[in-house]
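A.B. asks: Just run_9.txt, nothing more (compact mmCIF, C-alpha atoms):
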# COMPACT_ATOMS: atom_id res chain seq x y z
CA MET A 24 -174.19 87.26 33.19
CA GLN A 25 -176.57 89.33 35.28
CA ALA A 26 -174.12 92.22 35.67
CA ASN A 27 -170.48 93.09 35.10
CA PHE A 28 -168.67 92.15 38.31
CA ILE A 29 -165.75 94.56 37.88
CA GLU A 30 -168.06 97.46 37.01
CA GLU A 31 -170.15 96.64 40.09
CA LEU A 32 -167.02 96.83 42.26
CA ARG A 33 -165.86 100.05 40.60
CA TRP A 34 -168.97 102.11 41.29
CA ARG A 35 -169.14 100.73 44.82
CA GLY A 36 -165.50 101.72 45.45
CA MET A 37 -164.68 98.09 46.22
CA LEU A 38 -161.88 97.59 43.70
CA HIS A 39 -158.33 98.22 44.96
CA ASP A 40 -156.11 96.25 42.57
CA MET A 41 -156.26 93.39 40.11
CA MET A 42 -153.86 91.53 37.88
CA PRO A 43 -153.86 92.26 34.14
CA GLY A 44 -156.40 90.08 32.33
CA THR A 45 -158.71 89.67 35.35
CA GLU A 46 -161.57 91.69 33.86
CA GLU A 47 -161.24 89.98 30.51
CA GLN A 48 -161.41 86.55 32.16
CA LEU A 49 -164.54 87.49 34.12
CA ASN A 50 -166.22 88.89 31.01
CA LYS A 51 -165.34 85.83 28.95
CA GLU A 52 -167.01 83.07 31.02
CA MET A 53 -168.37 82.02 34.37
CA THR A 54 -165.31 82.10 36.61
CA ALA A 55 -164.70 80.37 39.94
CA ALA A 56 -163.10 82.58 42.60
CA TYR A 57 -162.32 82.14 46.27
CA ILE A 58 -161.58 83.99 49.49
CA GLY A 59 -159.97 82.40 52.53
CA PHE A 60 -161.08 82.85 56.13
CA ASP A 61 -158.84 81.63 58.95
CA PRO A 62 -160.75 80.26 61.97
CA THR A 63 -158.79 82.26 64.57
CA ALA A 64 -162.05 83.19 66.34
CA ALA A 65 -165.46 81.55 66.80
CA SER A 66 -167.06 84.20 64.61
CA LEU A 67 -166.36 86.45 61.68
CA HIS A 68 -166.61 90.20 62.30
CA ILE A 69 -167.71 93.13 60.18
CA GLY A 70 -164.16 93.59 58.90
CA ASN A 71 -164.57 90.17 57.25
CA LEU A 72 -167.96 91.23 55.96
CA ALA A 73 -166.36 93.52 53.36
CA THR A 74 -164.66 90.54 51.70
CA ILE A 75 -167.75 88.34 52.10
CA MET A 76 -169.55 90.98 50.03
CA LEU A 77 -167.00 90.39 47.25
CA LEU A 78 -168.17 86.77 47.07
CA LYS A 79 -171.81 87.86 47.26
CA HIS A 80 -171.50 90.26 44.32
CA LEU A 81 -169.43 87.70 42.39
CA GLN A 82 -172.27 85.19 42.66
CA LEU A 83 -174.96 87.77 41.87
CA CYS A 84 -173.02 88.51 38.68
CA GLY A 85 -173.23 84.86 37.63
CA HIS A 86 -169.82 83.57 38.76
CA LYS A 87 -169.04 80.73 41.17
CA PRO A 88 -167.84 81.58 44.70
CA PHE A 89 -165.68 79.38 46.90
CA ALA A 90 -165.25 80.11 50.61
CA LEU A 91 -162.13 78.51 52.04
CA VAL A 92 -162.05 77.91 55.78
CA GLY A 93 -158.39 77.62 56.74
CA GLY A 94 -158.35 74.63 59.05
CA ALA A 95 -154.64 74.21 58.27
CA THR A 96 -153.47 77.81 57.90
CA GLY A 97 -155.43 78.73 61.03
CA MET A 98 -152.97 76.59 62.98
CA ILE A 99 -150.26 79.14 62.08
CA GLY A 100 -151.93 82.51 61.60
CA ASP A 101 -151.34 85.14 58.95
CA PRO A 102 -148.57 87.64 59.88
CA SER A 103 -150.11 90.35 57.65
CA GLY A 104 -150.75 93.48 59.67
CA LYS A 105 -149.54 91.88 62.91
CA ALA A 106 -146.74 93.24 65.08
CA ALA A 107 -146.22 89.96 66.93
CA GLU A 108 -146.84 86.27 66.40
CA ARG A 109 -150.30 84.92 67.17
CA GLU A 110 -150.94 82.47 69.98
CA PHE A 111 -151.51 78.94 68.69
CA LEU A 112 -155.05 77.60 69.07
CA SER A 113 -155.85 74.01 69.98
CA GLU A 114 -157.21 71.69 67.28
CA GLU A 115 -160.46 71.42 69.25
CA THR A 116 -160.87 75.21 69.29
CA LEU A 117 -160.04 75.45 65.60
CA ARG A 118 -162.65 72.81 64.71
CA PHE A 119 -165.30 74.65 66.73
CA ASN A 120 -164.38 77.93 65.04
CA GLN A 121 -164.49 76.34 61.59
CA ASP A 122 -168.00 74.98 62.12
CA SER A 123 -169.21 78.35 63.43
CA ILE A 124 -167.77 80.27 60.47
CA LYS A 125 -169.29 77.83 57.96
CA LYS A 126 -172.74 78.47 59.40
CA GLN A 127 -172.23 82.23 59.11
CA LEU A 128 -171.03 82.08 55.50
CA GLU A 129 -174.10 80.04 54.54
CA LYS A 130 -176.25 83.09 55.38
CA PHE A 131 -174.67 85.13 52.59
CA LEU A 132 -174.02 82.73 49.73
CA ASP A 133 -176.41 80.52 47.76
CA PHE A 134 -175.27 76.91 47.91
CA ASN A 135 -178.14 75.69 45.73
CA SER A 136 -178.21 77.93 42.65
CA GLY A 137 -177.23 75.42 40.00
CA GLU A 138 -174.05 75.88 37.99
CA ASN A 139 -172.76 78.78 40.07
CA SER A 140 -173.67 77.35 43.48
CA ALA A 141 -171.28 78.39 46.23
CA GLU A 142 -168.92 75.79 47.66
CA MET A 143 -167.15 75.56 51.00
CA VAL A 144 -163.70 73.99 51.24
CA ASN A 145 -161.23 73.43 54.08
CA ASN A 146 -157.49 73.47 53.34
CA TYR A 147 -156.90 70.96 56.14
CA ASP A 148 -158.37 68.37 53.75
CA TRP A 149 -155.36 68.61 51.42
CA PHE A 150 -152.68 69.56 53.93
CA LYS A 151 -153.37 66.81 56.49
CA GLU A 152 -151.63 64.15 54.39
CA PHE A 153 -148.55 66.24 53.59
CA SER A 154 -145.24 65.34 55.19
CA PHE A 155 -142.80 68.17 55.83
CA LEU A 156 -140.40 66.87 53.19
CA GLY A 157 -143.25 66.29 50.79
CA PHE A 158 -144.43 69.88 51.09
CA LEU A 159 -140.90 71.23 50.57
CA ARG A 160 -140.67 69.22 47.35
CA GLU A 161 -144.19 70.01 46.19
CA ALA A 162 -144.31 73.74 46.96
CA GLY A 163 -141.17 75.05 48.65
CA LYS A 164 -138.86 74.54 45.69
CA HIS A 165 -140.89 76.84 43.49
CA LEU A 166 -140.31 80.08 45.41
CA SER A 167 -137.03 81.73 46.31
CA VAL A 168 -136.37 83.17 49.77
CA ASN A 169 -135.71 86.52 48.06
CA TYR A 170 -139.21 86.45 46.57
CA MET A 171 -140.82 85.62 49.91
CA MET A 172 -138.78 88.26 51.77
CA SER A 173 -139.98 90.95 49.36
CA LYS A 174 -143.58 90.74 50.63
CA ASP A 175 -144.75 93.62 52.82
CA SER A 176 -146.18 91.24 55.42
CA VAL A 177 -142.68 89.87 55.93
CA LYS A 178 -140.65 93.08 55.57
CA LYS A 179 -142.71 94.85 58.22
CA ARG A 180 -141.96 92.07 60.70
CA LEU A 181 -138.23 91.75 60.12
CA GLU A 182 -137.47 94.50 62.66
CA THR A 183 -139.43 92.80 65.45
CA GLY A 184 -138.69 89.26 64.30
CA ILE A 185 -140.70 86.67 62.41
CA SER A 186 -140.61 82.93 62.98
CA PHE A 187 -140.15 80.43 60.18
CA THR A 188 -143.69 79.26 60.96
CA GLU A 189 -145.25 82.60 60.06
CA PHE A 190 -142.71 83.19 57.28
CA SER A 191 -144.05 80.04 55.60
CA TYR A 192 -147.69 81.21 55.77
CA GLN A 193 -147.62 82.77 52.31
CA LEU A 194 -146.35 79.47 50.89
CA LEU A 195 -149.30 77.62 52.42
CA GLN A 196 -151.82 80.18 51.16
CA GLY A 197 -150.17 80.14 47.77
CA TYR A 198 -150.47 76.35 47.61
CA ASP A 199 -154.18 76.67 48.50
CA PHE A 200 -154.68 78.64 45.30
CA TYR A 201 -152.73 76.05 43.31
CA TRP A 202 -154.78 73.17 44.75
CA LEU A 203 -158.09 74.91 44.00
CA TYR A 204 -156.83 75.86 40.55
CA LYS A 205 -155.95 72.24 39.73
CA ASN A 206 -158.86 70.49 41.46
CA LYS A 207 -161.75 72.98 41.35
CA ASN A 208 -160.86 75.11 38.30
CA VAL A 209 -160.63 78.22 40.50
CA ARG A 210 -159.07 80.99 38.45
CA LEU A 211 -159.26 83.97 40.81
CA GLN A 212 -158.36 84.65 44.43
CA MET A 213 -159.77 87.74 46.14
CA GLY A 214 -159.24 89.43 49.50
CA GLY A 215 -158.50 92.66 51.33
CA SER A 216 -155.75 94.92 50.02
CA ASP A 217 -153.41 93.71 52.78
CA GLN A 218 -153.57 90.24 51.19
CA TRP A 219 -152.09 91.21 47.81
CA GLY A 220 -148.71 89.69 48.60
CA ASN A 221 -150.15 86.35 49.76
CA ILE A 222 -152.54 86.18 46.79
CA THR A 223 -149.88 86.90 44.17
CA THR A 224 -147.70 84.23 45.80
CA GLY A 225 -150.45 81.82 44.74
CA THR A 226 -150.42 83.04 41.14
CA GLU A 227 -146.63 82.70 41.11
CA ILE A 228 -146.75 79.09 42.37
CA ILE A 229 -149.34 78.27 39.70
CA ARG A 230 -147.21 79.90 37.02
CA ARG A 231 -144.07 78.03 38.05
CA LYS A 232 -145.66 74.64 38.68
CA ASP A 233 -147.94 74.72 35.66
CA ALA A 234 -145.74 76.46 33.10
CA THR A 235 -145.81 73.53 30.72
CA THR A 236 -146.06 74.10 27.02
CA ASP A 237 -149.67 74.32 25.89
CA VAL A 238 -151.05 73.33 22.52
CA GLY A 239 -150.09 76.68 21.05
CA GLY A 240 -146.53 76.38 22.30
CA ASN A 241 -146.84 79.20 24.87
CA GLU A 242 -144.67 78.27 27.84
CA ASP A 243 -146.00 81.17 29.91
CA ALA A 244 -149.65 80.23 29.42
CA ALA A 245 -150.18 79.60 33.14
CA GLU A 246 -149.31 83.21 33.90
CA HIS A 247 -152.60 84.12 32.25
CA ARG A 248 -154.73 81.41 33.88
CA ALA A 249 -154.68 82.59 37.51
CA TYR A 250 -155.66 86.05 38.68
CA ALA A 251 -155.72 88.24 41.78
CA LEU A 252 -158.14 90.94 42.94
CA THR A 253 -158.27 92.95 46.15
CA THR A 254 -160.72 95.33 47.79
CA PRO A 255 -159.73 98.38 49.87
CA LEU A 256 -159.65 97.93 53.62
CA VAL A 257 -162.62 99.79 55.09
CA THR A 258 -161.53 102.65 57.33
CA LYS A 259 -163.35 105.44 59.11
CA ALA A 260 -163.49 108.95 57.66
CA ASP A 261 -160.44 109.91 59.76
CA GLY A 262 -158.43 107.00 58.37
CA THR A 263 -158.57 104.83 61.49
CA LYS A 264 -159.54 101.16 61.42
CA PHE A 265 -163.22 100.44 60.91
CA GLY A 266 -165.07 97.60 62.58
CA LYS A 267 -164.60 98.11 66.29
CA SER A 268 -166.97 99.47 68.91
CA GLU A 269 -166.04 100.68 72.40
CA SER A 270 -166.15 97.06 73.56
CA GLY A 271 -163.98 95.70 70.71
CA ASN A 272 -164.75 93.91 67.45
CA VAL A 273 -168.30 93.93 66.15
CA TRP A 274 -168.94 90.21 65.60
CA LEU A 275 -171.53 88.51 63.40
CA ASP A 276 -172.35 86.03 66.18
CA PRO A 277 -175.14 87.39 68.44
CA THR A 278 -173.60 85.67 71.47
CA MET A 279 -170.46 87.80 70.99
CA THR A 280 -172.11 91.03 69.82
CA THR A 281 -175.83 91.16 70.58
CA THR A 282 -178.20 91.90 67.72
CA TYR A 283 -179.10 95.14 69.49
CA GLN A 284 -175.43 96.20 69.77
CA PHE A 285 -174.92 95.22 66.12
CA TYR A 286 -177.89 97.33 65.00
CA GLN A 287 -176.80 100.25 67.18
CA PHE A 288 -173.27 100.17 65.72
CA TRP A 289 -174.60 100.95 62.24
CA LEU A 290 -177.21 103.38 63.54
CA ASN A 291 -174.49 105.43 65.27
CA THR A 292 -172.26 105.71 62.20
CA ALA A 293 -171.04 109.22 61.39
CA ASP A 294 -172.67 110.91 58.38
CA ALA A 295 -169.33 111.18 56.57
CA GLU A 296 -168.85 107.40 56.63
CA CYS A 297 -172.30 106.42 55.38
CA PRO A 298 -171.87 106.82 51.58
CA ARG A 299 -168.95 104.38 51.63
CA LEU A 300 -170.65 101.91 53.98
CA LEU A 301 -173.84 101.91 51.91
CA ARG A 302 -171.80 100.84 48.88
CA VAL A 303 -169.64 98.23 50.59
CA PHE A 304 -171.97 96.54 53.06
CA THR A 305 -175.47 96.77 51.58
CA LEU A 306 -177.15 95.36 48.49
CA TYR A 307 -178.88 98.60 47.55
CA ASN A 308 -178.25 99.47 43.90
CA GLN A 309 -176.65 102.70 42.68
CA ASN A 310 -179.94 104.56 42.13
CA GLU A 311 -181.25 103.55 45.54
CA ILE A 312 -178.06 104.68 47.30
CA GLU A 313 -177.99 108.02 45.52
CA ALA A 314 -181.66 108.55 46.42
CA LEU A 315 -180.91 107.78 50.08
CA GLU A 316 -178.01 110.25 50.06
CA ALA A 317 -180.19 113.00 48.57
CA GLU A 318 -182.99 112.32 51.06
CA HIS A 319 -180.53 112.31 53.96
CA ALA A 320 -179.05 115.64 52.85
CA GLN A 321 -182.49 117.24 53.11
CA ALA A 322 -182.99 116.10 56.73
CA PRO A 323 -179.74 114.83 58.33
CA HIS A 324 -181.34 114.69 61.78
CA LEU A 325 -183.56 111.81 60.60
CA ARG A 326 -180.41 109.67 60.02
CA ILE A 327 -181.90 108.13 56.87
CA MET A 328 -178.61 106.65 55.60
CA GLN A 329 -177.78 105.12 58.98
CA LYS A 330 -181.21 103.52 59.24
CA ALA A 331 -180.94 102.12 55.72
CA ILE A 332 -177.54 100.55 56.45
CA ALA A 333 -178.69 99.15 59.79
CA LYS A 334 -181.79 97.59 58.24
CA ASP A 335 -180.03 95.93 55.30
CA VAL A 336 -177.04 94.56 57.20
CA THR A 337 -178.87 93.50 60.37
CA THR A 338 -181.51 91.67 58.33
CA ARG A 339 -178.93 89.72 56.32
CA VAL A 340 -176.56 88.93 59.20
CA HIS A 341 -179.33 88.02 61.64
CA SER A 342 -182.91 87.92 60.28
CA GLU A 343 -185.82 90.14 59.38
CA SER A 344 -187.64 89.26 62.60
CA ASP A 345 -184.53 90.04 64.67
CA PHE A 346 -184.22 93.38 62.87
CA GLU A 347 -187.84 94.28 63.64
CA ILE A 348 -187.35 93.49 67.33
CA VAL A 349 -184.14 95.51 67.77
CA LYS A 350 -185.62 98.37 65.76
CA GLN A 351 -188.55 98.48 68.17
CA ALA A 352 -186.18 98.18 71.12
CA SER A 353 -184.05 101.06 69.84
CA GLU A 354 -187.04 103.30 69.21
CA LEU A 355 -188.53 102.39 72.58
CA LEU A 356 -185.73 103.93 74.63
CA PHE A 357 -185.97 107.28 72.82
CA ASP A 358 -189.77 107.42 72.72
CA LYS A 359 -191.15 110.41 74.63
CA ASN A 360 -193.66 108.00 76.19
CA VAL A 361 -191.03 105.38 76.99
CA ILE A 362 -192.36 104.67 80.50
CA GLU A 363 -195.86 103.86 79.26
CA GLN A 364 -194.51 101.95 76.25
CA PHE A 365 -192.07 99.96 78.39
CA GLU A 366 -194.94 98.65 80.52
CA GLN A 367 -196.91 97.49 77.47
CA VAL A 368 -194.36 96.31 74.91
CA ASN A 369 -193.75 92.64 74.11
CA VAL A 370 -191.20 91.09 76.46
CA LYS A 371 -189.06 90.02 73.46
CA VAL A 372 -188.40 93.69 72.71
CA ILE A 373 -187.18 94.31 76.25
CA GLU A 374 -185.03 91.15 76.22
CA ALA A 375 -183.34 92.42 73.04
CA LEU A 376 -182.00 95.48 74.86
CA ASP A 377 -178.57 95.63 76.47
CA ILE A 378 -179.68 95.06 80.04
CA ILE A 379 -177.45 95.62 83.06
CA LYS A 380 -178.31 93.16 85.79
CA VAL A 381 -178.00 94.16 89.46
CA LYS A 382 -178.71 91.95 92.45
CA LYS A 383 -181.93 93.13 94.07
CA GLU A 384 -180.53 92.70 97.57
CA ASP A 385 -177.58 94.95 96.68
CA TYR A 386 -180.01 97.57 95.40
CA GLN A 387 -182.12 97.35 98.53
CA ASN A 388 -179.06 97.71 100.79
CA CYS A 389 -177.58 100.61 98.81
CA PRO A 390 -177.79 103.89 100.83
CA ASN A 391 -178.41 106.38 97.99
CA ILE A 392 -178.50 107.08 94.27
CA THR A 393 -174.82 108.12 94.14
CA ASP A 394 -173.60 104.81 95.56
CA PHE A 395 -175.97 102.93 93.26
CA LEU A 396 -174.78 104.58 90.05
CA ALA A 397 -171.09 104.56 90.94
CA THR A 398 -170.66 101.15 92.55
CA LEU A 399 -173.44 98.79 91.37
CA ILE A 400 -173.71 99.67 87.67
CA VAL A 401 -170.71 97.64 86.50
CA ASP A 402 -169.84 95.23 83.69
CA GLU A 403 -168.81 91.58 83.91
CA ASN A 404 -165.28 92.67 84.84
CA ASN A 405 -166.64 94.83 87.67
CA GLU A 406 -165.68 97.98 85.76
CA PRO A 407 -168.00 101.04 86.13
CA ILE A 408 -170.33 101.54 83.18
CA ILE A 409 -171.90 104.99 83.62
CA PHE A 410 -169.68 106.86 86.08
CA LYS A 411 -166.15 106.10 87.18
CA SER A 412 -166.45 107.54 90.70
CA LYS A 413 -168.86 108.88 93.27
CA GLY A 414 -167.49 112.37 92.68
CA GLU A 415 -168.26 112.15 88.97
CA THR A 416 -171.74 110.86 89.81
CA ARG A 417 -172.50 113.71 92.21
CA LYS A 418 -171.30 116.25 89.65
CA ALA A 419 -173.60 114.80 86.96
CA ILE A 420 -176.60 114.77 89.31
CA GLN A 421 -175.98 118.32 90.47
CA SER A 422 -175.72 119.50 86.86
CA ASN A 423 -179.21 118.12 86.20
CA ALA A 424 -177.93 115.48 83.74
CA VAL A 425 -179.38 112.32 85.34
CA SER A 426 -182.92 110.98 85.35
CA ILE A 427 -184.44 107.71 86.57
CA ASN A 428 -187.59 106.54 84.81
CA LYS A 429 -187.72 109.99 83.12
CA GLN A 430 -187.74 111.82 86.45
CA LYS A 431 -184.81 114.20 87.06
CA VAL A 432 -182.61 113.35 90.04
CA THR A 433 -181.22 116.47 91.71
CA ASP A 434 -180.16 115.19 95.14
CA PRO A 435 -176.98 113.01 95.21
CA ASN A 436 -178.15 111.57 98.55
CA LYS A 437 -181.62 110.58 97.35
CA ALA A 438 -182.80 107.21 98.66
CA LEU A 439 -183.59 104.40 96.22
CA ASP A 440 -187.38 104.61 96.38
CA PHE A 441 -188.17 104.49 92.65
CA THR A 442 -191.19 102.68 91.26
CA LEU A 443 -189.87 99.73 89.26
CA LEU A 444 -191.11 99.24 85.71
CA ARG A 445 -192.68 95.80 85.24
CA GLU A 446 -191.67 95.28 88.89
CA GLU A 447 -187.97 94.84 88.04
CA TYR A 448 -186.60 97.52 85.68
CA LEU A 449 -185.19 101.04 85.89
CA ILE A 450 -184.37 103.30 82.94
CA ILE A 451 -181.45 105.64 83.56
CA ASN A 452 -180.73 108.61 81.29
CA PHE A 453 -177.41 110.44 81.39
CA GLY A 454 -177.68 113.46 79.11
CA LYS A 455 -179.72 113.23 75.92
CA GLN A 456 -178.04 110.29 74.22
CA LYS A 457 -177.01 107.77 76.88
CA VAL A 458 -179.73 105.40 78.09
CA TYR A 459 -179.25 102.38 80.34
CA VAL A 460 -181.75 99.68 81.32
CA ILE A 461 -181.23 98.10 84.75
CA GLN A 462 -182.86 94.84 85.77
CA LEU A 463 -183.00 93.94 89.44
CA ILE A 464 -182.64 90.20 89.85
CA TYR A 465 -182.92 87.81 92.77
CA THR A 466 -179.96 85.50 93.37
CA ARG A 467 -180.42 82.39 95.48
Now that the file is in, can you turn its structure into C-alpha cells?
C.D. replies:
Amino acid sequence: MQANFIEELRWRGMLHDMMPGTEEQLNKEMTAAYIGFDPTAASLHIGNLATIMLLKHLQLCGHKPFALVGGATGMIGDPSGKAAEREFLSEETLRFNQDSIKKQLEKFLDFNSGENSAEMVNNYDWFKEFSFLGFLREAGKHLSVNYMMSKDSVKKRLETGISFTEFSYQLLQGYDFYWLYKNKNVRLQMGGSDQWGNITTGTEIIRRKDATTDVGGNEDAAEHRAYALTTPLVTKADGTKFGKSESGNVWLDPTMTTTYQFYQFWLNTADAECPRLLRVFTLYNQNEIEALEAEHAQAPHLRIMQKAIAKDVTTRVHSESDFEIVKQASELLFDKNVIEQFEQVNVKVIEALDIIKVKKEDYQNCPNITDFLATLIVDENNEPIIFKSKGETRKAIQSNAVSINKQKVTDPNKALDFTLLREEYLIINFGKQKVYVIQLIYTR
C-alpha cells in the first residue's frame, strides 16, 4: 500500500463515521469500494467532488475504486435531505446524464492502473431484468418496515409525506451493495454523511442474505464482510451549505459553469474556509498545506491559499491549459494597465471571461449611461445584472463608484461616446471589486 487510507482521511478531516472493522479490512488487503452517483443532472457539481475525492484517495492508497452511475435509482431519486419528492426524468434524459457523468468521473480515476484499476458500473444493468415480484422476493423480504422507517431520510419526510417509490429507494441502494459484493467482491460502500442510513441498509441486506455458515461455523460471518464509511458534508464556516454560487450550483461541466466562473468561485473563498477546502478538494500533502497556511498568514492580502485551491481543482476538473487561460483572464481585469493589456492579449483569454453581450443597435440608440447600465446590462432572463433601477444607477454614478474603460463617470446623463476596446468591448467597474465586460454585437 502506498499510504494508509484511513489515516489519510483523518488528517484531512474527511472521516465522519465507519463501521467497526473497516480500518482493519483496509489494512489487511487491497479492498474494492464504491460510491454511487445518481444521474439527476447532466453534470456533477462540487458537492459531489468531495465524495469523488474519497475514491481518488482510495485508489492512491492502493485500493480498487468503483463508481456506480445509478441508471435505475436515478429513475426514483434519493429522498435524503429533500423536503419533497423529485420530478421524474425521462429515460432519454437519464441516459444523456449518465454518459456525461461517466466522462467526468474518468478525469479523476485511473481506469488503467493494473490490479486496482477503477471500474464504472450502472445499476440499471442488474435491475432492468427484475420483475416487481422478483425484487420483493429477492430483496424486500430481508428488511422489515420498522427497520426502513427508522432511517433519518424517511423519518424527516413522514411529516410532509413520502411515497412508496421514494420509501423503497434505500432498498434499491442496499441491493446495489449486495450485487457488487457478490459479483465484484466490493467490500466497502462510501458516501456523504447523509448517506449513512442508505449505506448501512446495504450491509444489513448482505448480512441477512449471506449469513450462511462459513467453514469455521460462524453464522454471522457476513456481518464482518461488508463495511460502511462516510465523509462529512462540506459546509461554509458559518455552517451553511457549501457548493453554490450566486447563480446556483457550481457544476463541473464548463457549459453549465464556465471555467472562469469555476476558477473565480475558489478564488473568492473566505479565508476561514480555506484550510478545510485545501484538505478536502486538493491533492496537496500535509506538509504542503501547512506551508501554504503559514505563508498565507504572513500576507493574507495575497490570497495564497485561495490561489492554491483554484489552481489544483481547476486543473484537475478542466485542464492545465484551461487553468492558465482563466488565470490570465482573472489577472487581466485587475491589472492596473488593463486597457493596454486588453488590446494586446490573446483572444482566447478574452473569450474565457464572463462576457455580457448587448446588441450594438440598442447601445447606439440608448440616450445615456444611466439607461445603458440599468436597462441593457441584463442576463438571459432579462434580469438586471449591475443595477436594479435607474435611481440606483444614478446614485452609484454620483458617488463616484462607476468607471468605463477605467475612466470615472460622474454625469448620469452622459452620452455613450466611449472608445470601444478591440472595436467591440467595454470594461465597467463598480467599486473596487466588481468588474464587467460588455461586448457589443451585431444581430441580423
A.B. asks: Would you work out the distance separating CA of Ile427 (chain A) from CA of Tyr283 (chain A), expressed in Å to one decimal?
C.D. replies: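 Atom-to-atom, CA of Ile427 (chain A) and CA of Tyr283 (chain A) are spaced 21.9 Å apart.
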A.B. asks: Record the distance separating CA of Leu256 (chain A) and CA of Ala26 (chain A), expressed in Å with one decimal.
C.D. replies: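 CA of Leu256 (chain A) sits 23.8 Å away from CA of Ala26 (chain A).
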A.B. asks: Can you measure CA of Ile228 (chain A) to CA of Glu161 (chain A) for me? One decimal in Å is fine.
C.D. replies: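 Atom-to-atom, CA of Ile228 (chain A) and CA of Glu161 (chain A) are spaced 10.2 Å apart.
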A.B. asks: Would you mind listing what lies within 12 Å of Arg35 (chain A) as a ChimeraX atom specification, with only C-alpha atoms counted and same-chain residues fewer than 6 positions away left out?
C.D. replies: /A:28-29,73,76-77,80,254-255,298-310,312-313
A.B. asks: Which residues, written as a PyMOL selection string, have at least one atom at most 12 Å from region 429-438 of chain A, with all atoms listed in the file counted and residues fewer than 2 positions away on the same chain left out?
C.D. replies: chain A and resi 356-363+365+386-397+413-427+440-442+444+449-455+458-459
A.B. asks: Which of these residues is nearest to Leu49 (chain A), using all atoms listed in the file: A:Leu128, A:His324, A:Val209, A:Ala333?
C.D. replies: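 Once distances to Leu49 (chain A) are computed over all atoms listed in the file, the minimum belongs to A:Val209.
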A.B. asks: Around the point (-180.0, 101.7, 56.2) (coordinates from the file), which residues reach within 12 Å if we count only C-alpha atoms? Answer as a PyMOL selection string.
C.D. replies: chain A and resi 286-292+294+297-298+300-302+304-307+311-312+315-316+319+325-338+346+350
A.B. asks: I'd like a table as CSV: residues in region 310-407 of chain A with an atom no more than 9 Å from region 130-144 of chain A, each row giving the shortest atom pair and its distance in Å to one decimal, all atoms listed in the file counted, sorted by chain and rising residue number.
C.D. replies:
residue,atom,partner,partner_atom,distance
A:Arg339,CA,A:Lys130,CA,7.2
A:Val340,CA,A:Lys130,CA,7.0
A:His341,CA,A:Lys130,CA,8.5
A.B. asks: I'd like to know which of A:Gly214, A:Pro62, A:Glu152, A:Gly94 is closest to Ile75 (chain A), using all atoms listed in the file.
C.D. replies: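 Nearest to Ile75 (chain A): A:Gly214.
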A.B. asks: Kindly indicate which residue among A:Asn50, A:Thr116, A:Thr45, A:Thr466 lies nearest to Arg210 (chain A), using all atoms listed in the file for the distances.
C.D. replies: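 The shortest atom-to-atom distance to Arg210 (chain A) comes from A:Thr45.
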